[in-house]
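Below: the structure, in structure tokens.
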Amino acid sequence: MSSETRKHARHISFNQTGSNICLVNDDSQGFKIINTDTLKTLYNEATGSYSQIQLYFDSSLVIFVGLGEDIKFSPRELKLYNIETSKMICHLLYSDTISNVQVNKDRIVVSLTNEIYIYNLTNMKLLHVIRNLRKLNGLISLSMGTPYTNLLIYPTYSTRRKRRNSGRKISNDSTNGSIGTLTTNNSYDNDIEEQEEQEEQDEDEVMKEGDIIIFDMMLLRPLMVIEAHENRIQCIEINEDGSLIATASKLGTIIRIFNTINGTKIKEFRRGSYKSIIQSMKFSSDNNFLVVTSSSNTIHIFELQSYDINKLQESEINNSNISVKETTEQDLIVLDTISANNTTNIDNNNKNNSKTSMRRMIKKSSQKITREANKRFNQLFIGGNEDSQNKINIQRHFAWCKFPIDKIKERGSSSIINIDSEPILLNGLQLIQLQTTSSNEIPIKKTMDNNDDNNNLTLLYLRIKILTSDGNLYTYLLDPVNGGECILQSQLYIL
């Protein structure tokens, strides 16, 4: 099929395990669910206009939002549907267009223009509403969800003083962006003077756009604010266990990594020198790598920590030694009771709870940790003591992928990433065959050239799958030890 007649996807998404893909074509009705390994179409709905589709892990539960072309498919309505039994589970109607929907093991989060709704997945009970947000643009990210960690990340905007007023505390009104003008009844001159003073204060106010908030979806309160960038946040991503956050601003030149324990910046990467729109970021399941796609034709892979093949099992054991208080069965009952009470009084108490939570959040982080956890993070990602946190060097990419020159993505197309959790082993002949069939030249390792029996040589690779909205599914092989340019294993058009 020629590039002129090829379709374009309105929406693309991997499920949480990366085993399936959800596709919504831009010029047709319905949606498709495709297996990423076999490329078999598991489900094909030929009717209905959809703007978003999310598959819940490997189940038959589908969460979708309408496009608005049909009255039955409103962009303000969220629907949960069982594709196996063809039954509608529930539907929720909102006052504004739904910008984004994300789901983890036990939470569904719905993002509107300036509100976020958090639900319990088991019974679809409304747990919490975050209101009065600015320029959210659907930027939310959820951890996978565990008995002791269930985090939501979203950008926030605050008004702050600059220069002479930079050290002064900002009032609640200023933080919310509503600065009142003082008025008196003394005289016209006093009114003019106060108006001029207010205008000077307004000139000193600057909008801080590069902050993000970590929100605990179990305790239903914000934990901390992280000053990530000076410019507006373009892309955010949290890893599966909720321990790391990746952020990128609208410039797209710097990628920063923070831990969620105390908000410390542990890594800083330079993607490039020129401005680029970051489209998606993804952590590997072992937290060794971060893959970043952008509006350029290069995919960057950054190394968070060295990939040691001989210490994979040892690393898993060490990670389990981090001192964490697990939630008991009684704690879960208490949390459910609190959540139920919050749901009953959510409209009456939301404003008071938000103000109290924000004050506590700005003063200090309410999340309690042990010293062993802090030290463990420093050893894993910094390799030194606490003082070394202030001496983080900006690093370049560890590896990269290039889209084939004859298959350059269309301008404005988006991309999403999935990284296999388990590596694969390839022998020398398989790699030579890949080089022969690959559209871009990949240099074979010198060890292979000097080895007469290529069948006895096996190398470890991680598969990275990139799905673009122009319908191409690219599979690249990453050398987790040496890095460098990745090998293009396959390229398939799946629309």
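FYI, nothing fancy with the structure tokens labels: chains A, B, ... in order, residues from 1 per chain, ligands from 1 as they appear.
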Nearby residues (only C-alpha atoms) at most 6 Å from Val110 of chain A, same-chain spacing under 4 positions excluded, as a ChimeraX atom specification: /A:101,116-117
Store the residues of this selection in a file with C-alpha atoms, as a compact mmCIF listing (two decimals), in the first residue's frame.
```
# COMPACT_ATOMS: atom_id res chain seq x y z
CA VAL A 101 -7.85 8.31 30.79
CA ILE A 116 -8.85 15.06 37.72
CA TYR A 117 -11.26 12.33 38.90
```
Asn35 of chain A surroundings by only C-alpha atoms, 10 Å radius, close-in-sequence under 2 positions cut, as a PyMOL selection string: chain A and resi 14+18-22+33+37-43
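One distance worth recording is that between atom CA of Arg271 of chain A and atom CA of Ser141 of chain A, which is 21.1 Å.
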Selection near Leu477 of chain A, 12 Å with only C-alpha atoms, sequence-local residues under 3 positions removed, as a ChimeraX atom specification: /A:301,399-402,419-420,423-426,431,434-435,438,442,459-466,474,480,483-490
Using only C-alpha atoms: which of A:Ile257, A:Ile417, A:Met144, A:Leu220 has the shortest distance to Val292 of chain A: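 Closest to Val292 of chain A of all the choices is A:Ile417.
You can rank A:Asn262, A:Asn472, A:Asn100, A:Asn82 by their closest distance to Pro404 of chain A using only C-alpha atoms, and at the top of that list sits A:Asn472.
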Gly66 of chain A environment, 12 Å, only C-alpha atoms, sequence neighbours closer than 2 positions dropped, as a PyMOL selection string: chain A and resi 10-11+24+29-31+47-53+63-64+68-80+91-93+97-100
Option closest in space to Cys90 of chain A, from A:Leu223, A:Asp58, A:Asn123, A:Val129 [counting only C-alpha atoms]: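 Residue with the minimum atom-to-atom distance to Cys90 of chain A: A:Asn123.
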